[in-house]
file run-v3.txt (compact mmCIF, C-alpha atoms)
# COMPACT_ATOMS: atom_id res chain seq x y z
CA MET D 1 77.69 116.78 160.69
CA ASP D 2 78.69 113.35 161.87
CA PHE D 3 78.42 112.23 165.50
CA SER D 4 78.53 108.52 164.78
CA GLN D 5 81.78 107.98 166.72
CA TRP D 6 79.70 107.96 169.92
CA GLY D 7 77.21 105.37 168.66
CA HIS D 8 78.95 102.02 169.08
CA PRO D 9 77.91 99.98 172.14
CA SER D 10 80.53 100.40 174.85
CA GLN D 11 82.29 97.52 176.56
CA GLU D 12 80.61 98.58 179.78
CA TRP D 13 77.20 98.09 178.18
CA LEU D 14 78.13 94.84 176.40
CA SER D 15 79.37 93.34 179.66
CA PHE D 16 76.24 94.46 181.46
CA ALA D 17 74.00 93.08 178.71
CA GLU D 18 75.75 89.71 178.80
CA ALA D 19 75.33 89.48 182.57
CA ASN D 20 71.71 90.64 182.47
CA ALA D 21 70.35 89.00 179.34
CA GLU D 22 67.11 87.89 180.99
CA LEU D 23 66.41 91.38 182.35
CA LEU D 24 67.00 93.05 178.99
CA SER D 25 64.90 90.49 177.14
CA ARG D 26 61.75 91.54 178.98
CA SER D 27 59.38 93.53 176.80
CA VAL D 28 55.92 95.04 177.01
CA ASP D 29 55.72 95.75 173.28
CA ASP D 30 53.13 93.01 172.68
CA LEU D 31 50.73 94.42 175.27
CA PRO D 32 47.97 96.93 174.45
CA VAL D 33 49.12 100.51 175.03
CA LEU D 34 46.89 101.07 178.05
CA LYS D 35 48.20 97.89 179.65
CA GLN D 36 51.80 98.97 178.95
CA GLN D 37 51.06 102.32 180.55
CA GLU D 38 49.49 100.77 183.64
CA LEU D 39 52.25 98.19 184.08
CA LEU D 40 55.18 100.57 183.61
CA ASN D 41 53.64 103.26 185.79
CA ASN D 42 53.08 100.73 188.57
CA ILE D 43 56.71 99.58 188.32
CA ARG D 44 58.03 103.16 188.39
CA ASN D 45 55.77 104.11 191.30
CA LYS D 46 56.82 101.09 193.34
CA GLU D 47 60.53 101.57 192.69
CA SER D 48 60.39 105.29 193.45
CA LYS D 49 58.56 104.84 196.73
CA ALA D 50 60.90 102.04 197.78
CA LEU D 51 64.00 104.15 197.08
CA VAL D 52 62.64 107.11 199.02
CA ALA D 53 61.88 104.90 202.00
CA ALA D 54 65.22 103.07 201.81
CA THR D 55 67.26 106.28 201.65
CA GLY D 56 65.26 108.14 204.30
CA LEU D 57 64.41 110.94 201.90
CA ASP D 58 60.79 110.80 203.02
CA LYS D 59 62.01 112.24 206.35
CA LEU D 60 64.23 114.89 204.81
CA VAL D 61 62.09 116.29 202.00
CA ALA D 62 58.53 117.59 202.31
CA THR D 63 56.05 117.47 199.45
CA ARG D 64 52.89 119.37 198.62
CA ASP D 65 50.52 118.97 195.69
CA TYR D 66 48.78 121.79 193.83
CA ALA D 67 45.92 121.66 191.31
CA VAL D 68 46.73 123.82 188.28
CA PRO D 69 44.05 124.85 185.75
CA THR D 70 44.75 124.24 182.07
CA ARG D 71 43.65 126.19 179.02
CA ASP D 72 41.13 123.53 177.98
CA GLY D 73 39.21 123.73 181.24
CA SER D 74 40.82 120.69 182.82
CA SER D 75 43.57 120.61 185.43
CA ILE D 76 46.92 118.98 186.14
CA THR D 77 48.88 118.45 189.33
CA VAL D 78 52.24 119.92 190.20
CA ARG D 79 54.11 118.59 193.20
CA GLY D 80 56.54 120.75 195.13
CA TYR D 81 59.53 119.32 197.02
CA ARG D 82 61.50 121.17 199.71
CA PRO D 83 64.21 120.11 202.18
CA VAL D 84 62.54 120.06 205.60
CA SER D 85 65.54 121.69 207.29
CA LEU D 86 65.30 124.85 205.17
CA GLY D 87 61.85 125.90 206.29
CA SER D 88 59.87 128.26 204.09
CA ARG D 89 62.59 130.57 202.83
CA PRO D 90 62.72 131.13 199.03
CA LEU D 91 64.89 128.54 197.34
CA PRO D 92 66.52 128.11 193.92
CA THR D 93 64.22 125.84 191.95
CA TYR D 94 64.26 123.09 189.35
CA VAL D 95 61.03 122.87 187.32
CA TYR D 96 61.01 119.25 186.19
CA TYR D 97 59.22 117.45 183.34
CA HIS D 98 59.43 113.65 183.42
CA GLY D 99 60.19 111.36 180.50
CA GLY D 100 58.23 108.40 179.19
CA GLY D 101 57.49 108.93 175.52
CA PHE D 102 54.58 111.28 176.38
CA THR D 103 52.79 108.07 177.46
CA ILE D 104 54.42 106.85 180.67
CA GLY D 105 54.73 108.87 183.86
CA SER D 106 52.91 109.75 187.06
CA LEU D 107 53.04 111.87 190.16
CA ASP D 108 54.62 109.20 192.37
CA ALA D 109 57.05 107.97 189.71
CA GLY D 110 58.98 111.21 190.23
CA LEU D 111 59.09 110.88 194.00
CA TYR D 112 62.67 109.64 194.29
CA THR D 113 64.23 111.71 191.49
CA CYS D 114 62.75 114.95 192.78
CA SER D 115 63.40 114.23 196.46
CA TRP D 116 66.99 113.25 195.70
CA ALA D 117 67.72 116.46 193.74
CA ALA D 118 66.03 118.68 196.33
CA HIS D 119 68.01 117.09 199.16
CA ALA D 120 71.36 116.89 197.36
CA LEU D 121 71.34 120.53 196.23
CA ASN D 122 69.24 122.21 198.95
CA ILE D 123 66.79 123.45 196.34
CA ALA D 124 63.08 123.26 195.65
CA VAL D 125 61.89 120.98 192.86
CA VAL D 126 58.51 121.39 191.19
CA HIS D 127 57.33 118.43 189.13
CA VAL D 128 54.79 119.29 186.44
CA VAL D 129 52.66 116.20 185.82
CA TYR D 130 51.26 116.74 182.34
CA ARG D 131 48.65 114.48 180.76
CA HIS D 132 49.65 111.54 178.56
CA THR D 133 48.77 109.69 175.40
CA PRO D 134 46.63 107.80 174.58
CA GLN D 135 44.25 109.68 176.89
CA VAL D 136 45.12 112.93 175.05
CA SER D 137 46.82 113.72 171.75
CA GLY D 138 48.02 116.63 169.63
CA LEU D 139 49.65 119.45 171.57
CA THR D 140 47.98 118.77 174.92
CA GLN D 141 51.24 117.82 176.65
CA TRP D 142 52.93 120.99 175.41
CA HIS D 143 50.02 123.16 176.53
CA ASP D 144 50.02 121.47 179.94
CA ALA D 145 53.76 122.07 180.24
CA ALA D 146 53.40 125.77 179.40
CA ASP D 147 50.36 126.21 181.66
CA GLY D 148 52.21 124.50 184.49
CA PHE D 149 55.24 126.74 184.11
CA GLU D 150 53.12 129.89 183.94
CA TRP D 151 51.34 128.92 187.14
CA ILE D 152 54.66 128.26 188.89
CA ALA D 153 56.16 131.55 187.68
CA THR D 154 53.16 133.48 189.01
CA HIS D 155 52.94 131.64 192.34
CA THR D 156 56.57 131.78 193.46
CA GLU D 157 55.74 133.22 196.89
CA GLU D 158 53.18 130.48 197.60
CA LEU D 159 55.67 127.84 196.45
CA GLY D 160 58.56 129.37 198.41
CA ILE D 161 60.86 129.64 195.40
CA ASP D 162 63.33 132.32 194.34
CA PRO D 163 61.91 133.73 191.06
CA SER D 164 65.36 134.85 189.92
CA ARG D 165 66.85 131.33 190.12
CA ILE D 166 64.69 128.90 188.18
CA VAL D 167 66.10 126.11 186.03
CA VAL D 168 63.68 124.35 183.67
CA GLY D 169 64.50 120.84 182.52
CA GLY D 170 63.53 117.27 182.01
CA MET D 171 64.39 113.88 180.61
CA SER D 172 63.62 112.47 177.16
CA ALA D 173 60.05 113.51 176.25
CA GLY D 174 60.12 115.79 179.28
CA ALA D 175 63.19 117.53 177.89
CA ASN D 176 61.21 118.25 174.72
CA LEU D 177 58.53 119.93 176.84
CA ALA D 178 61.18 121.85 178.78
CA ALA D 179 62.82 123.09 175.57
CA SER D 180 59.44 124.21 174.24
CA VAL D 181 58.59 126.00 177.49
CA VAL D 182 61.93 127.82 177.55
CA GLN D 183 61.65 128.87 173.91
CA GLY D 184 58.18 130.23 174.66
CA GLU D 185 59.45 132.09 177.70
CA VAL D 186 62.32 133.68 175.75
CA ARG D 187 59.88 134.67 173.02
CA ARG D 188 57.50 136.20 175.60
CA ALA D 189 60.34 138.19 177.15
CA ARG D 190 61.48 139.41 173.75
CA GLU D 191 58.00 140.49 172.67
CA THR D 192 57.10 142.21 175.95
CA GLY D 193 60.50 143.68 176.73
CA SER D 194 60.49 141.98 180.12
CA ALA D 195 63.13 139.82 181.75
CA PRO D 196 63.06 136.07 181.13
CA ARG D 197 61.92 134.04 184.11
CA VAL D 198 64.25 131.12 183.39
CA LYS D 199 67.88 131.24 184.55
CA GLY D 200 69.05 127.92 183.14
CA GLN D 201 67.99 124.86 181.21
CA LEU D 202 68.79 121.16 181.64
CA LEU D 203 68.03 118.76 178.78
CA GLY D 204 68.65 115.08 179.50
CA ILE D 205 68.58 112.59 176.59
CA PRO D 206 66.16 114.99 174.87
CA ASN D 207 63.69 114.15 172.12
CA LEU D 208 63.69 117.46 170.24
CA VAL D 209 62.52 116.59 166.73
CA HIS D 210 59.55 114.49 165.61
CA ASN D 211 60.90 111.37 163.89
CA LYS D 212 59.11 112.32 160.66
CA ALA D 213 60.86 115.70 160.57
CA PHE D 214 64.46 114.64 161.21
CA PRO D 215 66.85 116.69 158.99
CA TYR D 216 68.85 113.87 157.37
CA HIS D 217 70.08 116.26 154.67
CA LEU D 218 72.20 118.17 157.19
CA PHE D 219 74.32 115.14 158.05
CA ALA D 220 77.31 113.75 156.20
CA ASP D 221 75.86 110.27 155.74
CA ARG D 222 72.28 109.13 156.39
CA GLU D 223 73.52 105.69 157.48
CA LYS D 224 75.61 107.31 160.22
CA THR D 225 72.79 109.42 161.67
CA SER D 226 71.58 108.26 165.06
CA PRO D 227 68.04 107.30 163.91
CA VAL D 228 69.67 104.82 161.49
CA GLN D 229 72.86 103.86 163.34
CA CYS D 230 70.99 103.34 166.63
CA ALA D 231 67.74 101.97 165.21
CA GLU D 232 68.18 98.72 167.14
CA ALA D 233 69.72 100.22 170.26
CA ALA D 234 68.73 98.85 173.64
CA VAL D 235 65.94 100.37 175.76
CA ILE D 236 64.32 102.55 173.11
CA PRO D 237 64.85 101.28 169.56
CA SER D 238 63.32 103.18 166.67
CA ARG D 239 60.22 100.98 166.54
CA ARG D 240 59.32 102.01 170.11
CA LEU D 241 59.96 105.65 169.31
CA GLY D 242 57.61 105.21 166.38
CA LEU D 243 54.87 103.91 168.67
CA PHE D 244 55.18 106.91 170.97
CA THR D 245 54.97 109.42 168.11
CA GLU D 246 52.05 107.59 166.49
CA LEU D 247 50.10 107.95 169.73
CA LEU D 248 50.42 111.72 169.49
CA GLY D 249 48.17 111.61 166.43
CA SER D 250 48.39 113.34 163.07
CA ASP D 251 46.60 116.61 163.80
CA VAL D 252 49.86 118.56 164.04
CA ASP D 253 52.58 118.95 161.41
CA PRO D 254 55.69 117.03 162.61
CA ALA D 255 57.73 120.11 161.66
CA ASP D 256 55.67 122.33 163.97
CA LYS D 257 58.24 124.00 166.24
CA THR D 258 56.14 123.49 169.34
CA TRP D 259 56.15 119.77 168.69
CA SER D 260 59.74 119.81 167.40
CA PRO D 261 61.58 122.58 169.31
CA GLY D 262 64.87 121.35 167.88
CA LEU D 263 63.84 122.77 164.49
CA ALA D 264 63.95 126.36 165.76
CA GLU D 265 66.08 128.63 163.59
CA GLU D 266 69.25 130.02 165.14
CA ASP D 267 67.88 133.58 165.21
CA GLU D 268 64.95 132.32 167.27
CA LEU D 269 67.37 130.92 169.85
CA ARG D 270 69.17 134.16 170.67
CA GLY D 271 68.73 135.06 174.32
CA MET D 272 68.25 131.48 175.49
CA PRO D 273 69.51 130.77 179.03
CA PRO D 274 72.62 128.67 179.69
CA THR D 275 71.80 125.10 178.69
CA ALA D 276 73.30 121.81 179.87
CA PHE D 277 72.89 118.59 177.90
CA LEU D 278 73.24 114.98 179.06
CA ILE D 279 73.35 112.76 175.97
CA SER D 280 73.67 109.02 175.39
CA GLY D 281 75.86 108.06 172.43
CA TRP D 282 74.03 104.84 171.47
CA ASP D 283 70.62 106.51 171.27
CA PRO D 284 68.39 107.29 168.26
CA LEU D 285 67.92 110.78 169.78
CA ARG D 286 71.64 111.59 169.97
CA ASP D 287 72.01 113.67 166.82
CA GLU D 288 69.05 115.98 167.31
CA SER D 289 70.42 116.76 170.78
CA LEU D 290 73.93 117.57 169.57
CA TRP D 291 72.60 119.54 166.61
CA TYR D 292 70.47 121.67 168.96
CA ALA D 293 73.44 122.19 171.27
CA GLN D 294 75.52 123.36 168.32
CA LYS D 295 72.84 125.83 167.22
CA LEU D 296 72.67 127.32 170.70
CA LYS D 297 76.44 127.67 170.81
CA ASN D 298 76.43 129.32 167.37
CA VAL D 299 74.31 132.20 168.67
CA GLY D 300 76.36 132.72 171.81
CA VAL D 301 74.34 130.72 174.34
CA ARG D 302 76.46 129.18 177.09
CA THR D 303 76.26 125.42 176.69
CA LYS D 304 77.63 122.48 178.62
CA VAL D 305 77.46 119.14 176.82
CA HIS D 306 78.10 115.75 178.40
CA ILE D 307 78.18 112.68 176.13
CA PHE D 308 78.12 109.12 177.45
CA PRO D 309 79.65 107.15 174.54
CA GLY D 310 78.18 103.78 173.64
CA LEU D 311 75.43 103.83 176.26
CA PRO D 312 71.73 103.64 175.39
CA HIS D 313 68.85 105.96 176.11
CA GLY D 314 67.87 105.82 179.76
CA PHE D 315 70.86 103.74 180.85
CA SER D 316 70.84 105.55 184.20
CA GLY D 317 67.81 103.47 185.12
CA PHE D 318 70.09 100.45 185.51
CA ARG D 319 71.61 101.05 188.89
CA GLN D 320 74.25 98.32 188.44
CA LEU D 321 76.00 100.27 185.64
CA PRO D 322 79.15 102.10 186.80
CA SER D 323 78.35 105.07 184.53
CA ARG D 324 75.08 105.63 186.37
CA VAL D 325 77.07 107.18 189.21
CA ARG D 326 78.72 109.62 186.82
CA TRP D 327 75.32 110.40 185.28
CA ASP D 328 73.94 111.34 188.69
CA GLU D 329 77.00 113.46 189.47
CA THR D 330 76.74 115.21 186.11
CA LEU D 331 73.04 115.91 186.52
CA LEU D 332 73.59 117.57 189.90
CA GLU D 333 76.61 119.46 188.61
CA SER D 334 74.58 120.71 185.64
CA LEU D 335 71.77 121.95 187.87
CA ARG D 336 74.31 123.83 190.02
CA TRP D 337 75.81 125.32 186.86
CA GLY D 338 72.41 126.40 185.53
CA LEU D 339 71.43 128.07 188.80
CA ALA D 340 74.70 130.01 189.18
CA ASP D 341 75.77 133.25 187.52
CA GLU D 342 78.71 132.99 185.15
CA GLY D 343 81.87 133.08 187.22
CA GLU D 344 79.90 132.98 190.48
CA TRP D 345 81.44 131.17 193.41
CA ILE D 346 79.30 128.18 194.33
CA VAL D 347 79.17 127.60 198.08
CA GLU D 348 78.49 123.92 198.74
CA VAL D 349 76.08 123.67 201.66
CA PRO D 350 76.07 120.10 203.01
CA PRO D 351 72.67 118.38 202.86
CA ALA D 352 70.91 117.50 206.07
CA THR D 353 71.57 114.03 207.50
CA LEU D 354 69.14 111.56 208.95
CA PRO D 355 68.78 111.73 212.73
CA ALA D 356 69.96 108.10 212.89
CA GLN D 357 73.22 109.14 211.26
CA GLU D 358 73.73 111.71 214.01
CA GLY D 359 73.42 109.14 216.76
CA GLY D 360 69.67 109.28 217.35
CA ALA D 361 66.70 107.29 216.12
CA ALA D 362 65.07 108.34 212.87
CA THR D 363 61.52 109.58 213.26
CA ASN D 364 58.84 110.67 210.84
CA SER D 365 58.48 114.41 210.40

call {"tool": "encode", "arguments": {"input": "run-v3.txt", "output": "structure tokens"}}
result
Amino acid sequence: MDFSQWGHPSQEWLSFAEANAELLSRSVDDLPVLKQQELLNNIRNKESKALVAATGLDKLVATRDYAVPTRDGSSITVRGYRPVSLGSRPLPTYVYYHGGGFTIGSLDAGLYTCSWAAHALNIAVVHVVYRHTPQVSGLTQWHDAADGFEWIATHTEELGIDPSRIVVGGMSAGANLAASVVQGEVRRARETGSAPRVKGQLLGIPNLVHNKAFPYHLFADREKTSPVQCAEAAVIPSRRLGLFTELLGSDVDPADKTWSPGLAEEDELRGMPPTAFLISGWDPLRDESLWYAQKLKNVGVRTKVHIFPGLPHGFSGFRQLPSRVRWDETLLESLRWGLADEGEWIVEVPPATLPAQEGGAATNS
């Protein structure tokens, strides 16, 4: 395998980097981990709340928080999002796991992303807010992810979601958790003879293999693999990936398939739901994503792969980049695809508009 043709910085990125050198030079790497976590969570929370207020999504999408028990006697929060105009009727649903290296992330940081998807697609979104390193380590995040999904799947009536139309997905570290949850669900269905409770899967810039378990031997040239070729890529160079994985601790074998769902054998992947991938070309995680996509395709799983050549991990966070618009379009398109039956006609219901856009004054609801 050789996917290195996608790994050279694009002219779009180079132009952006030249115009935004000061922005891209900012770093939190020298701060203690807890300070990094606090700072980045505060930035994400502030930006998310500001975007929701600026776009009026706070008036169009209702939220509700639920406390979910975990297997270790603790609890996590899941937040449900629903378009206000659709009332309480059961809706297709996106179960979402956020990214952040298993270290960064919070309930409010997902406010804009989840509200935007719920409004744009007239669906419910349920954000599973798992615990993070360094407060926890080992497999805690994976157990939280599985416990969160199980609670959602057994409380569909309370949540107002259609149990036959659930897509599970996430970004970066969250995509790892999503992949692990979906593999576990397919395994449960196989062992019990019951129907899977996941209709589709969305994996955005996924981290699917622990960096100490990457299968270099399967690639044509080690120097062309994404962990090597993209070691100094913007946003998330290999040294930052190394920090995130070190925080997970050493209690679990890096090749453990819960921790590294990308290492699953092809036979274990039979029966997986249709899976969409959004992948950055200039990203240390590129090759594990494309390798996993290829394995799914090899066993007959419907896949849809979108590659953004020459752009780094998480580039969609830079709203000035032209390709961010295409990323957003592709994400929504992939969710629609995952929620639909093969060959099904997709009826595009227009999202609700703000009262102010209809000639009246906007009011809180």

call {"tool": "closest_residue", "arguments": {"input": "run-v3.txt", "among": "D:Asn211, D:Ser15, D:Ser316, D:Ser88", "to": "D:Asp253", "atoms": "only C-alpha atoms"}}
result
D:Asn211

call {"tool": "axis_aligned_box", "arguments": {"input": "run-v3.txt", "around": "stretch 134-147 of chain D", "padding_each_side": "5 Å", "output": "JSON"}}
result
{"center_x": 49.0, "center_y": 117.0, "center_z": 175.6, "size_x": 19.5, "size_y": 28.4, "size_z": 22.0}

call {"tool": "residues_around", "arguments": {"input": "run-v3.txt", "residues": "D:Pro284", "least_positions_apart": "3", "cutoff": "9 Å", "atoms": "all atoms listed in the file", "output": "list in words"}}
result
Thr225, Ser226, Pro227, Val228, Gln229, Cys230, Ala231, Glu232, Ala233, Ile236, Pro237, Ser238, Leu241, Gly281, Asp287, Glu288, Pro312 and His313 of chain D

call {"tool": "atom_distance", "arguments": {"input": "run-v3.txt", "atom1": "atom CA of D:Val84", "atom2": "atom CA of D:Gly174"}}
result
26.8 Å

call {"tool": "residues_near_point", "arguments": {"input": "run-v3.txt", "point": "(73.5, 117.1, 193.2)", "cutoff": "9 Å", "atoms": "only C-alpha atoms", "output": "list in words"}}
result
Trp116, Ala117, Ala118, His119, Ala120, Leu121, Asn122, Asp328, Glu329, Thr330, Leu331, Leu332, Glu333, Ser334, Leu335 and Arg336 of chain D

call {"tool": "closest_residue", "arguments": {"input": "run-v3.txt", "among": "D:Gln183, D:Val128, D:Pro134, D:Val299", "to": "D:Lys35", "atoms": "only C-alpha atoms"}}
result
D:Pro134

call {"tool": "residues_around", "arguments": {"input": "run-v3.txt", "residues": "D:Phe244", "least_positions_apart": "4", "cutoff": "12 Å", "atoms": "only C-alpha atoms", "output": "list in words"}}
result
Asp29, Val33, Gln36, Gln37, Gly99, Gly100, Gly101, Phe102, Thr103, Ile104, His132, Thr133, Pro134, Ser137, Ser172, Ala173, Asn207, His210, Asn211, Ile236, Pro237, Ser238, Arg239, Arg240, Leu248 and Gly249 of chain D

call {"tool": "residues_around", "arguments": {"input": "run-v3.txt", "residues": "D:Ser164", "least_positions_apart": "5", "cutoff": "8 Å", "atoms": "only C-alpha atoms", "output": "compact mmCIF listing (two decimals) with C-alpha atoms, in the frame of the given file"}}
result
# COMPACT_ATOMS: atom_id res chain seq x y z
CA PRO D 92 66.52 128.11 193.92
CA ARG D 197 61.92 134.04 184.11
CA VAL D 198 64.25 131.12 183.39
CA LYS D 199 67.88 131.24 184.55

call {"tool": "residues_near_point", "arguments": {"input": "run-v3.txt", "point": "(64.4, 122.2, 183.8)", "cutoff": "7 Å", "atoms": "only C-alpha atoms", "output": "number ranges by chain"}}
result
D: 94-96, 167-170, 178, 201-202

call {"tool": "atom_distance", "arguments": {"input": "run-v3.txt", "atom1": "atom CA of D:Arg326", "atom2": "atom CA of D:Leu278"}}
result
10.9 Å

call {"tool": "closest_residue", "arguments": {"input": "run-v3.txt", "among": "D:Ser85, D:Ser323, D:Thr77, D:Thr303", "to": "D:Ser280", "atoms": "only C-alpha atoms"}}
result
D:Ser323

call {"tool": "atom_distance", "arguments": {"input": "run-v3.txt", "atom1": "atom CA of D:Arg64", "atom2": "atom CA of D:Arg44"}}
result
19.8 Å

call {"tool": "residues_around", "arguments": {"input": "run-v3.txt", "residues": "D:Gly110", "least_positions_apart": "5", "cutoff": "9 Å", "atoms": "all atoms listed in the file", "output": "MDAnalysis selection string"}}
result
chainID D and resid 44:45 48 98 105 115 127
